[in-house]
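Structure file target-v3.cif (mmCIF, C-alpha atoms) follows.
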```cif
data_coords
#
loop_
_atom_site.label_atom_id
_atom_site.label_comp_id
_atom_site.auth_asym_id
_atom_site.auth_seq_id
_atom_site.Cartn_x
_atom_site.Cartn_y
_atom_site.Cartn_z
CA MET A 1 14.29 16.25 34.08
CA ARG A 2 15.90 14.80 30.97
CA ILE A 3 16.23 11.07 31.65
CA VAL A 4 18.50 9.07 29.32
CA TYR A 5 17.81 5.34 29.45
CA ASP A 6 20.27 2.90 27.85
CA VAL A 7 18.47 0.41 25.59
CA SER A 8 21.55 -1.30 24.14
CA PRO A 9 20.37 -4.82 25.14
CA LEU A 10 17.40 -4.46 22.79
CA SER A 11 19.74 -5.01 19.84
CA HIS A 12 19.56 -8.76 20.61
CA PRO A 13 16.51 -11.11 20.73
CA LEU A 14 14.51 -10.34 23.84
CA THR A 15 14.97 -12.71 26.76
CA GLY A 16 15.04 -11.91 30.49
CA VAL A 17 17.22 -8.79 30.62
CA GLY A 18 15.96 -7.41 27.31
CA ASN A 19 12.34 -7.89 28.33
CA TYR A 20 13.05 -6.08 31.59
CA VAL A 21 14.77 -3.17 29.80
CA ARG A 22 11.89 -2.74 27.36
CA GLY A 23 9.13 -3.23 29.93
CA ALA A 24 10.68 -0.90 32.48
CA LEU A 25 11.08 1.81 29.84
CA GLU A 26 7.40 1.46 28.94
CA GLY A 27 6.48 1.79 32.61
CA LEU A 28 8.78 4.79 33.03
CA VAL A 29 7.21 6.61 30.08
CA GLU A 30 3.76 5.91 31.52
CA ALA A 31 4.74 6.99 35.03
CA ALA A 32 6.42 10.19 33.81
CA ALA A 33 3.25 11.10 31.87
CA GLY A 34 4.85 14.08 30.12
CA ARG A 35 6.38 15.53 33.30
CA HIS A 36 9.89 14.50 32.27
CA GLU A 37 11.70 14.00 28.97
CA ILE A 38 12.63 10.35 28.37
CA VAL A 39 15.32 9.47 25.83
CA ALA A 40 15.97 5.87 24.75
CA PHE A 41 19.67 5.80 23.92
CA ALA A 42 22.07 3.29 22.40
CA PRO A 43 25.34 3.51 20.49
CA THR A 44 25.00 0.56 18.20
CA SER A 45 25.80 -1.22 14.95
CA PRO A 46 23.69 -1.21 11.78
CA ALA A 47 22.05 -4.46 12.97
CA GLY A 48 21.20 -2.83 16.29
CA ARG A 49 19.76 0.20 14.52
CA ARG A 50 17.31 -2.17 12.86
CA ALA A 51 16.50 -4.29 15.92
CA ILE A 52 16.05 -1.59 18.54
CA PRO A 53 13.28 0.37 16.77
CA ARG A 54 11.39 -2.91 16.30
CA ALA A 55 11.71 -3.64 20.02
CA LEU A 56 10.41 -0.14 20.83
CA GLU A 57 7.40 -0.31 18.50
CA GLY A 58 4.29 1.12 20.10
CA LEU A 59 6.25 3.10 22.67
CA ASP A 60 6.08 6.90 22.37
CA VAL A 61 9.64 7.83 23.33
CA GLU A 62 12.45 9.83 21.78
CA THR A 63 15.08 7.43 20.45
CA ARG A 64 18.73 8.38 19.97
CA LEU A 65 20.75 5.65 18.28
CA VAL A 66 24.32 6.79 17.74
CA PRO A 67 25.65 5.31 14.48
CA LEU A 68 29.11 4.23 15.53
CA PRO A 69 31.14 1.12 14.57
CA PHE A 70 30.24 -0.09 18.01
CA SER A 71 31.87 -3.42 18.70
CA GLN A 72 31.97 -4.85 22.21
CA ARG A 73 35.65 -3.83 22.38
CA TRP A 74 34.74 -0.21 21.55
CA ARG A 75 31.99 -0.25 24.16
CA ASP A 76 34.39 -1.55 26.80
CA ALA A 77 36.95 1.12 25.93
CA TRP A 78 34.38 3.90 26.24
CA SER A 79 33.31 2.59 29.64
CA ARG A 80 36.78 1.98 31.06
CA LEU A 81 38.70 4.96 29.67
CA GLY A 82 36.07 7.46 30.78
CA ARG A 83 35.84 9.62 27.67
CA PRO A 84 34.11 11.22 25.95
CA SER A 85 31.33 12.08 28.37
CA LEU A 86 27.75 11.18 27.48
CA GLU A 87 26.85 14.85 27.18
CA ARG A 88 29.17 15.19 24.17
CA LEU A 89 26.73 12.96 22.26
CA LEU A 90 23.39 13.87 23.81
CA GLY A 91 23.54 17.32 25.35
CA ARG A 92 22.02 17.84 28.80
CA VAL A 93 21.59 14.72 30.95
CA ASP A 94 19.82 14.97 34.31
CA VAL A 95 19.59 11.20 34.85
CA PHE A 96 21.50 8.45 33.08
CA HIS A 97 20.37 4.84 33.61
CA TYR A 98 22.97 2.51 32.14
CA SER A 99 22.73 -1.18 31.29
CA ASP A 100 24.81 -4.30 31.89
CA TRP A 101 26.50 -3.73 28.55
CA MET A 102 28.33 -0.48 29.19
CA TYR A 103 28.79 2.33 31.72
CA PRO A 104 30.01 5.40 29.82
CA PRO A 105 30.99 8.54 31.75
CA GLN A 106 28.70 11.49 32.36
CA ALA A 107 29.60 15.01 33.42
CA GLY A 108 26.75 15.47 35.89
CA GLY A 109 23.29 14.41 36.99
CA VAL A 110 21.99 11.28 38.68
CA ARG A 111 23.80 8.06 37.72
CA ALA A 112 21.72 4.86 37.94
CA THR A 113 21.81 1.26 36.79
CA THR A 114 20.05 -2.07 37.22
CA ILE A 115 21.66 -5.23 38.57
CA HIS A 116 19.55 -8.24 37.67
CA ASP A 117 21.55 -10.78 39.67
CA LEU A 118 25.07 -11.50 40.86
CA VAL A 119 25.43 -14.87 39.14
CA PRO A 120 28.79 -13.98 37.47
CA LEU A 121 30.19 -13.11 40.90
CA ARG A 122 28.62 -15.87 42.96
CA PHE A 123 28.74 -18.71 40.43
CA PRO A 124 31.39 -17.88 37.82
CA GLU A 125 31.36 -21.48 36.56
CA TRP A 126 27.80 -20.96 35.27
CA VAL A 127 28.67 -18.18 32.83
CA THR A 128 31.07 -17.62 29.95
CA PRO A 129 34.49 -16.00 30.53
CA ARG A 130 33.28 -12.97 28.56
CA THR A 131 30.28 -12.53 30.85
CA ARG A 132 32.45 -12.88 33.96
CA SER A 133 34.83 -10.19 32.74
CA MET A 134 32.11 -7.78 31.64
CA HIS A 135 30.08 -8.01 34.82
CA ALA A 136 33.01 -7.94 37.21
CA ALA A 137 34.08 -4.61 35.70
CA LYS A 138 30.53 -3.26 35.84
CA TYR A 139 30.02 -4.28 39.48
CA ALA A 140 33.25 -2.58 40.56
CA HIS A 141 32.45 0.57 38.60
CA THR A 142 28.87 0.68 39.92
CA ALA A 143 29.99 0.36 43.53
CA ARG A 144 32.28 3.37 43.01
CA THR A 145 30.10 5.69 40.95
CA ALA A 146 26.36 4.90 40.89
CA ASP A 147 23.99 7.06 42.93
CA LEU A 148 21.22 4.49 42.52
CA VAL A 149 21.23 0.74 41.92
CA PHE A 150 17.89 -0.79 41.03
CA VAL A 151 17.38 -4.53 41.59
CA ASN A 152 14.54 -6.76 40.48
CA SER A 153 13.94 -8.43 43.86
CA GLU A 154 14.49 -7.96 47.57
CA TYR A 155 16.72 -11.03 47.43
CA THR A 156 19.02 -9.47 44.84
CA GLY A 157 19.00 -6.24 46.84
CA ARG A 158 20.33 -8.00 49.91
CA ASP A 159 22.93 -9.73 47.76
CA VAL A 160 24.11 -6.41 46.28
CA VAL A 161 24.40 -4.73 49.68
CA GLU A 162 26.31 -7.66 51.16
CA ARG A 163 28.63 -8.58 48.28
CA LEU A 164 29.27 -5.20 46.65
CA GLY A 165 29.36 -3.21 49.87
CA LEU A 166 26.71 -0.68 48.82
CA ALA A 167 24.82 1.32 51.41
CA GLU A 168 21.18 0.22 51.61
CA GLY A 169 20.02 3.74 50.72
CA ARG A 170 21.59 3.42 47.26
CA VAL A 171 19.62 0.27 46.42
CA ARG A 172 15.96 0.27 45.28
CA VAL A 173 13.74 -2.68 44.36
CA ALA A 174 11.89 -2.49 41.04
CA HIS A 175 10.16 -5.82 40.44
CA PRO A 176 9.56 -6.78 36.81
CA GLY A 177 6.12 -6.63 35.27
CA VAL A 178 4.09 -9.00 33.15
CA LYS A 179 3.41 -8.21 29.50
CA PRO A 180 -0.29 -7.84 28.59
CA VAL A 181 -0.05 -10.84 26.24
CA PHE A 182 0.31 -13.15 29.24
CA THR A 183 -3.31 -13.59 30.35
CA ALA A 184 -5.43 -16.60 31.23
CA GLY A 185 -7.94 -15.87 28.48
CA GLY A 186 -7.05 -16.87 24.93
CA GLU A 187 -5.97 -19.77 22.77
CA ARG A 188 -4.24 -22.80 24.25
CA ALA A 189 -1.48 -24.71 22.54
CA ASP A 190 -2.20 -28.33 21.63
CA LEU A 191 0.83 -30.61 21.38
CA GLY A 192 -1.26 -33.73 20.87
CA ARG A 193 -1.18 -34.92 24.48
CA PRO A 194 -0.77 -33.39 27.98
CA TYR A 195 2.57 -31.68 28.45
CA VAL A 196 4.85 -30.18 31.07
CA LEU A 197 6.35 -26.89 29.90
CA THR A 198 9.66 -25.31 30.87
CA VAL A 199 10.97 -22.00 29.55
CA ALA A 200 14.70 -21.34 29.72
CA THR A 201 17.84 -20.65 27.74
CA LEU A 202 19.85 -23.87 27.62
CA GLU A 203 22.59 -23.12 30.14
CA PRO A 204 23.83 -24.83 33.32
CA ARG A 205 22.08 -22.53 35.80
CA LYS A 206 18.64 -23.40 34.41
CA ASN A 207 19.13 -27.01 35.56
CA LEU A 208 17.18 -28.68 32.76
CA GLN A 209 19.02 -32.00 33.01
CA THR A 210 17.51 -32.55 36.47
CA LEU A 211 14.09 -31.77 35.01
CA VAL A 212 14.70 -34.34 32.25
CA GLU A 213 15.45 -36.93 34.94
CA ALA A 214 12.29 -35.96 36.85
CA HIS A 215 10.27 -36.25 33.65
CA ARG A 216 11.50 -39.81 33.14
CA LEU A 217 10.23 -40.67 36.61
CA LEU A 218 6.73 -39.63 35.53
CA GLY A 219 6.67 -42.67 33.24
CA GLY A 220 5.40 -41.14 30.03
CA ARG A 221 2.42 -39.41 31.62
CA TYR A 222 3.35 -36.12 29.93
CA LEU A 223 5.37 -34.74 27.07
CA LEU A 224 8.20 -32.46 28.17
CA ALA A 225 8.07 -29.25 26.09
CA VAL A 226 11.17 -27.04 26.28
CA ALA A 227 10.94 -23.44 25.00
CA GLY A 228 14.05 -21.28 24.84
CA GLY A 229 17.11 -20.51 22.78
CA SER A 230 20.44 -22.28 22.73
CA GLY A 231 22.90 -21.24 25.40
CA TRP A 232 26.29 -22.54 26.53
CA GLY A 233 27.96 -25.12 28.72
CA ASP A 234 26.78 -28.70 29.25
CA GLN A 235 23.50 -29.22 27.39
CA PRO A 236 20.55 -31.28 28.67
CA GLU A 237 19.66 -34.51 26.88
CA LEU A 238 16.56 -33.29 25.08
CA ARG A 239 15.94 -36.42 23.06
CA GLY A 240 13.30 -39.12 22.88
CA PRO A 241 9.65 -39.48 21.85
CA ASP A 242 8.37 -37.74 24.98
CA VAL A 243 10.52 -34.59 24.64
CA VAL A 244 9.69 -31.66 22.35
CA ARG A 245 12.29 -28.95 21.86
CA LEU A 246 10.50 -25.80 20.68
CA GLY A 247 13.41 -23.33 20.54
CA PHE A 248 12.91 -19.59 20.90
CA VAL A 249 9.21 -18.71 20.50
CA SER A 250 7.28 -15.45 20.21
CA ASP A 251 5.39 -14.01 23.17
CA ASP A 252 2.06 -14.87 21.56
CA GLU A 253 3.09 -18.49 21.10
CA LEU A 254 4.58 -18.64 24.60
CA ALA A 255 1.30 -17.43 26.09
CA ARG A 256 -0.56 -20.21 24.23
CA LEU A 257 1.96 -22.75 25.51
CA TYR A 258 1.56 -21.59 29.11
CA ARG A 259 -2.24 -21.78 28.86
CA GLY A 260 -2.17 -25.28 27.37
CA ALA A 261 0.37 -26.75 29.80
CA ALA A 262 -0.69 -29.32 32.37
CA VAL A 263 2.07 -27.84 34.57
CA ALA A 264 4.77 -25.21 34.02
CA VAL A 265 8.06 -26.11 35.74
CA TYR A 266 10.95 -23.77 36.52
CA PRO A 267 13.78 -25.79 38.12
CA SER A 268 16.52 -23.11 38.01
CA ARG A 269 19.27 -23.27 40.61
CA PHE A 270 19.40 -19.49 41.05
CA GLU A 271 17.64 -16.39 39.67
CA GLY A 272 17.54 -12.66 40.14
CA PHE A 273 13.75 -12.94 40.14
CA GLY A 274 12.34 -15.65 37.83
CA MET A 275 10.07 -13.96 35.30
CA PRO A 276 8.74 -17.16 33.62
CA ILE A 277 7.21 -18.18 36.96
CA VAL A 278 4.97 -15.13 37.03
CA GLU A 279 4.26 -15.23 33.29
CA ALA A 280 3.01 -18.81 33.60
CA MET A 281 0.83 -17.86 36.57
CA ALA A 282 -0.66 -14.92 34.66
CA CYS A 283 -1.70 -17.40 31.96
CA GLY A 284 -3.45 -19.66 34.47
CA ALA A 285 -0.90 -22.48 34.49
CA PRO A 286 -0.18 -24.36 37.74
CA VAL A 287 3.50 -23.81 38.50
CA VAL A 288 6.28 -25.87 40.05
CA ALA A 289 9.24 -23.67 40.99
CA SER A 290 12.65 -24.28 42.47
CA ALA A 291 12.74 -24.03 46.24
CA HIS A 292 15.78 -21.74 46.14
CA ALA A 293 15.10 -18.52 48.07
CA SER A 294 15.97 -16.34 45.07
CA MET A 295 12.57 -17.33 43.59
CA ASP A 296 10.47 -16.68 46.71
CA GLU A 297 9.13 -13.33 45.48
CA ALA A 298 8.19 -14.61 42.04
CA SER A 299 6.51 -17.70 43.52
CA GLY A 300 4.70 -16.14 46.46
CA ASP A 301 2.25 -18.67 47.91
CA ALA A 302 0.99 -19.68 44.47
CA ALA A 303 3.57 -22.27 43.33
CA VAL A 304 4.50 -25.77 44.42
CA ARG A 305 8.16 -25.62 45.42
CA ALA A 306 10.72 -28.40 44.95
CA ASP A 307 14.39 -28.99 45.64
CA PRO A 308 16.03 -28.23 42.26
CA ASP A 309 18.66 -30.94 42.78
CA ASP A 310 16.16 -33.74 43.54
CA PRO A 311 14.43 -35.33 40.50
CA ASP A 312 12.07 -37.28 42.77
CA ALA A 313 10.96 -34.07 44.49
CA ILE A 314 10.34 -32.33 41.15
CA ALA A 315 8.35 -35.30 39.83
CA ALA A 316 6.22 -35.40 42.99
CA ALA A 317 5.66 -31.63 42.76
CA VAL A 318 4.44 -31.97 39.15
CA GLY A 319 1.86 -34.53 40.29
CA ASP A 320 0.78 -32.29 43.16
CA ALA A 321 0.46 -29.22 40.92
CA ALA A 322 -1.56 -31.09 38.29
CA ALA A 323 -3.96 -32.37 40.97
CA ARG A 324 -4.43 -28.84 42.35
CA ARG A 325 -4.78 -27.13 38.97
CA GLU A 326 -7.88 -25.01 39.66
CA GLU A 327 -6.66 -23.89 43.10
CA LEU A 328 -3.18 -22.97 41.89
CA ALA A 329 -4.45 -21.27 38.73
CA ALA A 330 -6.63 -18.91 40.79
CA LEU A 331 -3.82 -18.19 43.25
CA GLY A 332 -1.34 -17.63 40.42
CA VAL A 333 -3.50 -15.21 38.44
CA ALA A 334 -4.07 -13.11 41.58
CA HIS A 335 -0.36 -13.16 42.49
CA ALA A 336 0.78 -12.22 38.98
CA ALA A 337 -1.59 -9.23 38.87
CA ALA A 338 0.65 -7.41 41.37
CA PHE A 339 3.54 -7.26 38.89
CA THR A 340 3.10 -4.45 36.37
CA TRP A 341 5.58 -2.45 34.31
CA ARG A 342 3.84 0.74 35.48
CA ARG A 343 4.95 -0.10 39.03
CA THR A 344 8.49 -0.73 37.77
CA GLY A 345 8.52 2.68 36.09
CA GLU A 346 7.13 4.35 39.20
CA ALA A 347 9.94 2.82 41.28
CA PHE A 348 12.52 4.14 38.81
CA LEU A 349 11.00 7.60 38.73
CA ALA A 350 10.70 7.87 42.51
CA GLY A 351 14.37 6.95 42.86
CA TYR A 352 15.46 9.51 40.26
CA GLU A 353 13.37 12.34 41.73
CA GLU A 354 14.41 11.70 45.32
CA THR A 355 18.08 11.49 44.43
CA ALA A 356 17.98 14.61 42.27
CA ALA A 357 16.17 16.67 44.91
#
```
Represent the structure of the file as structure tokens.
Amino acid sequence: MRIVYDVSPLSHPLTGVGNYVRGALEGLVEAAAGRHEIVAFAPTSPAGRRAIPRALEGLDVETRLVPLPFSQRWRDAWSRLGRPSLERLLGRVDVFHYSDWMYPPQAGGVRATTIHDLVPLRFPEWVTPRTRSMHAAKYAHTARTADLVFVNSEYTGRDVVERLGLAEGRVRVAHPGVKPVFTAGGERADLGRPYVLTVATLEPRKNLQTLVEAHRLLGGRYLLAVAGGSGWGDQPELRGPDVVRLGFVSDDELARLYRGAAVAVYPSRFEGFGMPIVEAMACGAPVVASAHASMDEASGDAAVRADPDDPDAIAAAVGDAAARREELAALGVAHAAAFTWRRTGEAFLAGYEETAA
């Protein structure tokens, strides 16, 4: 089969979705092992044509970057007007796996996509108007046309079946993997005193203001270290001598931060999966995670769970996790080992082959 995989999101700095796109492609190439032709495809701008090859470094895959003046408006028009077909640009396509960013038409073959969560549908107040519009159109189009919809958790799968009206047979779970850099062995960050680490883009859904309030209840016992890029909406009050805002950091630096943390805390109100939970566990950090059911699969039995809307509960959970560090670290490393990009790629490939048969 000739499998065309849309890598458009790799034109931006890699966060949750971009990391999933890149990791899943790596797993797919490994799972296919020369049995199928894999093409990484993106119509993109000059900036994207620089960023995407960097994101794909080390991955042996054919890359087709179409040099078009590809603004978001152009991308929307291609998706919504339904022409030209993908084959006009790429030739034969047996499988096309499209991203959140666009859903161009294809003349034949298996049509697949990934839905990472339904936040824009369920909680429109947590996203920008642009995101609401883009995803609403994609969800409607996917429900009409996609043969396969991959999701990154059983929770999201149930959500997609219920809210988009898809038959269960069209939905497959492909959990995310953990990058090799996230291991318990290696250097630990030193911020000068014990610290609690949280990793999140600064946006309302990530619920960092409640974490700030919980941190104050700990009475200066720890620094609060916040890693992640700027987002949108109401911003948390990340000020004061006990708060360190680190911004967007590299994977190598993030792994050091996880290893050095007294506790890693993920207080999000809702997730499709919750990749930082598993990354922190892989690095041997004790983890406090939101008690929302959307993070059950990421947390397993290896995290201390807390009501994300209760600062007292989060503060108590931090104390519990710190006291149980060795126990939780061992549980977390074992739990995280089950999440590999090879397994993600195998799930993709099995879905493609079964649907094409």
For a quick check of your reading of the model, name the residues lying within 9 Å of the coordinate (24.9, -11.5, 44.8), counting only C-alpha atoms, and write them as number ranges by chain.
A: 117-122, 155-164, 272
Could you tell me which of A:Tyr266, A:Tyr258, A:Phe96, A:Phe150 comes closest to A:Phe348 if we count all atoms listed in the file?
A:Phe150
Within 10 Å of A:Leu328 using all atoms listed in the file, minus same-chain residues under 4 positions, as a ChimeraX atom specification
/A:281,284-287,301-304,321-324,332-334
Near stretch 1-18 of chain A, 9 Å: stretch 247-286 of chain A residue rows, closest pairs, all atoms listed in the file, as CSV:
```
residue,atom,partner,partner_atom,distance
A:Gly274,CA,A:Gly16,CA,8.7
A:Met275,CA,A:Gly16,CA,7.2
A:Pro276,CA,A:Gly16,CA,8.8
```
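Candidate residues A:Ser99, A:Thr210, A:Ser294, A:Thr183 were compared for distance to A:Ala280, and the nearest is A:Thr183, using all atoms listed in the file.
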Residues in the PyMOL selection byres ((chain A and resi 353) around 12), expressed as a PyMOL selection string
chain A and resi 1-3+32+35-36+94-95+109-112+147-148+346-352+354-357
Which residue, A:Pro104, A:Pro84, A:Pro204, A:Pro308, has the smallest gap to A:Thr128 when you use only C-alpha atoms?
A:Pro204
The PyMOL selection byres ((chain A and resi 206) around 12) resolved against shown file, as a PyMOL selection string:
chain A and resi 119+126-127+198-205+207-212+226+228+230-236+265-271+274+276+289-290+308-309
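Residues matched by the PyMOL selection byres ((chain A and resi 223) around 9) in this file are A:Leu191, A:Arg193, A:Pro194, A:Tyr195, A:Val196, A:Leu197, A:His215, A:Gly220, A:Arg221, A:Tyr222, A:Leu224, A:Ala225, A:Pro241, A:Asp242, A:Val243, A:Val244.
If you measure from each of A:Arg259, A:Val178, A:Gly27, A:Phe123 to A:Glu279 using only C-alpha atoms, the closest one turns out to be A:Val178.
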Long-range neighbours of A:Asp307 as a list in words, 7 Å cut-off, all atoms listed in the file, 4 positions minimum in chain
Ser290, Ala291, Ala313 and Ile314 of chain A
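What separates atom CA of A:Ala55 from atom CA of A:Gly108 is a distance of 29.0 Å.
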